[in-house]
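**Student:** I'm passing along structure.pdb; it holds PDB, C-alpha atoms.
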ATOM      1  CA  MET K   1       0.000   0.000   0.000
ATOM      2  CA  SER K   2       1.601   3.240  -1.075
ATOM      3  CA  PRO K   3       1.699   6.187   1.352
ATOM      4  CA  GLU K   4      -0.280   8.379  -1.057
ATOM      5  CA  ILE K   5      -3.262   6.022  -0.985
ATOM      6  CA  VAL K   6      -3.395   5.936   2.810
ATOM      7  CA  HIS K   7      -2.896   9.682   3.096
ATOM      8  CA  ASP K   8      -5.652  10.508   0.613
ATOM      9  CA  ASN K   9      -8.245   8.047   1.887
ATOM     10  CA  PRO K  10      -9.334   8.538   5.515
ATOM     11  CA  LEU K  11     -11.128   5.177   5.598
ATOM     12  CA  LYS K  12      -7.973   3.297   4.598
ATOM     13  CA  LYS K  13      -5.985   5.332   7.089
ATOM     14  CA  LEU K  14      -8.491   4.443   9.801
ATOM     15  CA  ARG K  15      -8.269   0.750   8.880
ATOM     16  CA  VAL K  16      -4.486   0.929   9.297
ATOM     17  CA  VAL K  17      -4.906   2.490  12.750
ATOM     18  CA  GLN K  18      -7.483  -0.162  13.627
ATOM     19  CA  ALA K  19      -5.193  -2.991  12.493
ATOM     20  CA  LEU K  20      -2.220  -1.585  14.397
ATOM     21  CA  LEU K  21      -4.247  -1.251  17.588
ATOM     22  CA  LEU K  22      -5.531  -4.816  17.244
ATOM     23  CA  LEU K  23      -2.031  -6.134  16.613
ATOM     24  CA  THR K  24      -0.743  -4.589  19.837
ATOM     25  CA  ILE K  25      -3.094  -6.654  22.028
ATOM     26  CA  PRO K  26      -1.068  -9.914  21.775
ATOM     27  CA  PHE K  27       2.013  -7.906  22.739
ATOM     28  CA  TYR K  28       0.210  -6.701  25.867
ATOM     29  CA  VAL K  29      -0.581 -10.319  26.737
ATOM     30  CA  TYR K  30       3.024 -11.346  26.164
ATOM     31  CA  GLY K  31       4.336  -8.349  28.106
ATOM     32  CA  GLY K  32       2.041  -9.162  31.001
ATOM     33  CA  GLU K  33       3.289 -12.724  31.114
ATOM     34  CA  VAL K  34       6.921 -11.624  31.015
ATOM     35  CA  LEU K  35       6.592  -8.709  33.460
ATOM     36  CA  GLY K  36       3.975 -10.159  35.789
ATOM     37  CA  PRO K  37       4.875 -12.025  38.962
ATOM     38  CA  ALA K  38       5.034 -15.817  38.922
ATOM     39  CA  LYS K  39       2.605 -16.140  41.835
ATOM     40  CA  PRO K  40      -0.761 -14.346  41.730
ATOM     41  CA  LYS K  41      -1.294 -11.585  44.296
ATOM     42  CA  ASP K  42      -4.370 -10.025  45.856
ATOM     43  CA  ILE K  43      -5.291  -7.163  43.520
ATOM     44  CA  LYS K  44      -8.834  -6.397  44.645
ATOM     45  CA  GLY K  45      -8.192  -2.676  45.163
ATOM     46  CA  ILE K  46      -6.588  -1.957  41.828
ATOM     47  CA  GLY K  47      -8.881  -4.483  40.163
ATOM     48  CA  LEU K  48     -11.954  -2.608  41.356
ATOM     49  CA  PHE K  49     -10.475   0.718  40.284
ATOM     50  CA  LEU K  50      -9.659  -0.593  36.804
ATOM     51  CA  ALA K  51     -13.093  -2.225  36.527
ATOM     52  CA  VAL K  52     -14.728   1.155  37.173
ATOM     53  CA  LEU K  53     -12.373   2.782  34.685
ATOM     54  CA  ALA K  54     -13.178   0.075  32.127
ATOM     55  CA  ALA K  55     -16.925   0.607  32.660
ATOM     56  CA  PHE K  56     -16.428   4.331  32.036
ATOM     57  CA  ASN K  57     -14.475   3.591  28.844
ATOM     58  CA  ILE K  58     -17.182   1.261  27.591
ATOM     59  CA  TRP K  59     -19.866   3.833  28.377
ATOM     60  CA  TYR K  60     -17.875   6.517  26.573
ATOM     61  CA  VAL K  61     -17.300   4.444  23.445
ATOM     62  CA  LEU K  62     -20.890   3.231  23.249
ATOM     63  CA  SER K  63     -22.551   6.565  23.955
ATOM     64  CA  ARG K  64     -20.378   9.573  23.252
ATOM     65  CA  GLY K  65     -18.094   8.013  20.660
ATOM     66  CA  ARG K  66     -20.919   6.447  18.702
ATOM     67  CA  ARG K  67     -22.880   9.721  18.790
ATOM     68  CA  ALA K  68     -19.898  11.746  17.523
ATOM     69  CA  VAL K  69     -19.264   9.283  14.682
ATOM     70  CA  ALA K  70     -22.963   9.217  13.746
ATOM     71  CA  LYS K  71     -23.210  13.016  13.723
ATOM     72  CA  ALA K  72     -20.213  13.388  11.421
ATOM     73  CA  SER K  73     -21.467  10.499   9.240
ATOM     74  CA  ASP K  74     -24.838  12.192   8.795
ATOM     75  CA  ILE K  75     -23.138  15.367   7.609
ATOM     76  CA  LEU K  76     -20.931  13.371   5.224
ATOM     77  CA  ARG K  77     -23.962  11.605   3.741
ATOM     78  CA  SER K  78     -25.417  14.917   2.650
ATOM     79  CA  ARG K  79     -22.112  16.686   1.879
ATOM     80  CA  SER K  80     -19.403  14.140   1.114
ATOM     81  CA  ASP K  81     -16.839  16.846   0.333
ATOM     82  CA  ASP K  82     -17.065  18.520   3.772
ATOM     83  CA  ALA K  83     -13.465  18.428   5.033
ATOM     84  CA  LEU K  84     -14.376  19.484   8.580
ATOM     85  CA  ALA K  85     -16.948  16.700   8.906
ATOM     86  CA  MET K  86     -14.391  14.222   7.543
ATOM     87  CA  ARG K  87     -11.825  15.318  10.143
ATOM     88  CA  ARG K  88     -14.448  15.033  12.892
ATOM     89  CA  TRP K  89     -15.501  11.587  11.673
ATOM     90  CA  TYR K  90     -11.896  10.405  11.561
ATOM     91  CA  GLY K  91     -11.079  11.933  14.950
ATOM     92  CA  ALA K  92     -14.162  10.453  16.619
ATOM     93  CA  ASN K  93     -13.287   7.018  15.254
ATOM     94  CA  VAL K  94      -9.681   7.250  16.427
ATOM     95  CA  VAL K  95     -10.787   8.354  19.908
ATOM     96  CA  SER K  96     -13.258   5.462  20.081
ATOM     97  CA  LEU K  97     -10.632   2.956  18.956
ATOM     98  CA  THR K  98      -7.992   4.193  21.369
ATOM     99  CA  SER K  99     -10.499   4.226  24.222
ATOM    100  CA  SER K 100     -11.263   0.610  23.421
ATOM    101  CA  GLU K 101      -7.544  -0.171  23.307
ATOM    102  CA  ALA K 102      -7.269   1.077  26.874
ATOM    103  CA  LEU K 103      -9.248  -1.983  27.991
ATOM    104  CA  ALA K 104      -6.379  -4.217  26.876
ATOM    105  CA  LEU K 105      -3.950  -1.969  28.717
ATOM    106  CA  TYR K 106      -5.980  -2.394  31.907
ATOM    107  CA  GLY K 107      -5.495  -6.134  31.547
ATOM    108  CA  LEU K 108      -1.753  -5.604  31.187
ATOM    109  CA  ILE K 109      -1.713  -3.461  34.327
ATOM    110  CA  LEU K 110      -3.671  -6.066  36.255
ATOM    111  CA  ARG K 111      -1.269  -8.793  35.159
ATOM    112  CA  ILE K 112       1.799  -6.752  36.111
ATOM    113  CA  PHE K 113       0.349  -6.090  39.578
ATOM    114  CA  GLY K 114      -0.233  -9.792  40.149
ATOM    115  CA  GLY K 115      -3.438 -10.844  38.432
ATOM    116  CA  THR K 116      -3.676 -14.036  36.438
ATOM    117  CA  LEU K 117      -3.930 -14.254  32.665
ATOM    118  CA  LEU K 118      -7.537 -15.383  32.951
TER
END
What does this structure look like when you write it as structure tokens?
**Tutor:**
Amino acid sequence: MSPEIVHDNPLKKLRVVQALLLLTIPFYVYGGEVLGPAKPKDIKGIGLFLAVLAAFNIWYVLSRGRRAVAKASDILRSRSDDALAMRRWYGANVVSLTSSEALALYGLILRIFGGTLL
């Protein structure tokens, strides 16, 4: 894929970002196994904190992120050449994807602090 194609097409650029974020998840799992302690520890405090944080992330992606993407998509349906709407659509998608990626990072943090892989 040439750089010009990715640069000119926001959807292809977004797919590259999506693929890269998905490809990092196995590295988080591996990193957690390498960096985490051999014996599990009691992580109820941090586990609860990260569970609340994860719930907030899920709420954000499903409500705010989806609404921002839908709003920009509606504008693009009527005016496909609107550069501002395209930037907002792309930005809202990237924020939603990176917020979702944070869930995998929470798992890495839990593993490093002593949680199990499961």
**Student:** Within 8 Å of stretch 43-55 of chain K, counting all atoms listed in the file, which residues show up once you throw out same-chain ones fewer than 6 positions away? Write them as a PyMOL selection string, please.
**Tutor:** chain K and resi 102-103+106+110+113-115
**Student:** Please report the interatomic distance between atom CA of K:Val69 and atom CA of K:Gly91 in Å with one decimal.
**Tutor:**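 According to the coordinates, atom CA of K:Val69 and atom CA of K:Gly91 are separated by 8.6 Å.
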**Student:** Provide the atom CA of K:Leu23 to atom CA of K:Ala68 distance in Å, to one decimal place.
**Tutor:** 25.3 Å
**Student:** Have a look at atom CA of K:Glu101 and atom CA of K:Phe27 and let me know their distance in Å, one decimal.
**Tutor:** 12.3 Å
**Student:** Between K:Tyr28, K:Ser73, K:Leu108, K:Arg64, which has the minimum distance to K:Tyr90 (counting only C-alpha atoms)?
**Tutor:**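 Under the stated criterion, the closest residue is K:Ser73.
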**Student:** Using all atoms listed in the file, which residues sit within 12 Å of K:Leu14 once same-chain residues fewer than 2 positions away are excluded, as a ChimeraX atom specification?
**Tutor:** /K:6-12,16-21,86-87,89-98
**Student:** Do a neighbour search on K:Ala38 at 12 Å with only C-alpha atoms, toss out local chain neighbours closer than 3 positions, and write the hits as a list in words.
**Tutor:**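 The residues satisfying every condition are Gly32, Glu33, Val34, Leu35, Lys41, Arg111, Ile112, Phe113, Gly114, Gly115, Thr116 and Leu117 of chain K.
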**Student:** Measuring atom to atom with only C-alpha atoms, identify which of K:Ala83, K:Ser99, K:Ile25, K:Leu76 is nearest to K:Trp59.
**Tutor:** K:Ser99
**Student:** Quick one: what's the axis-aligned box for stretch 45-61 of chain K, all listed atoms, 8 Å on every side, centre and edges in Å to one decimal, as JSON?
**Tutor:**
{"center_x": -13.2, "center_y": 1.0, "center_z": 34.3, "size_x": 29.3, "size_y": 27.0, "size_z": 37.7}
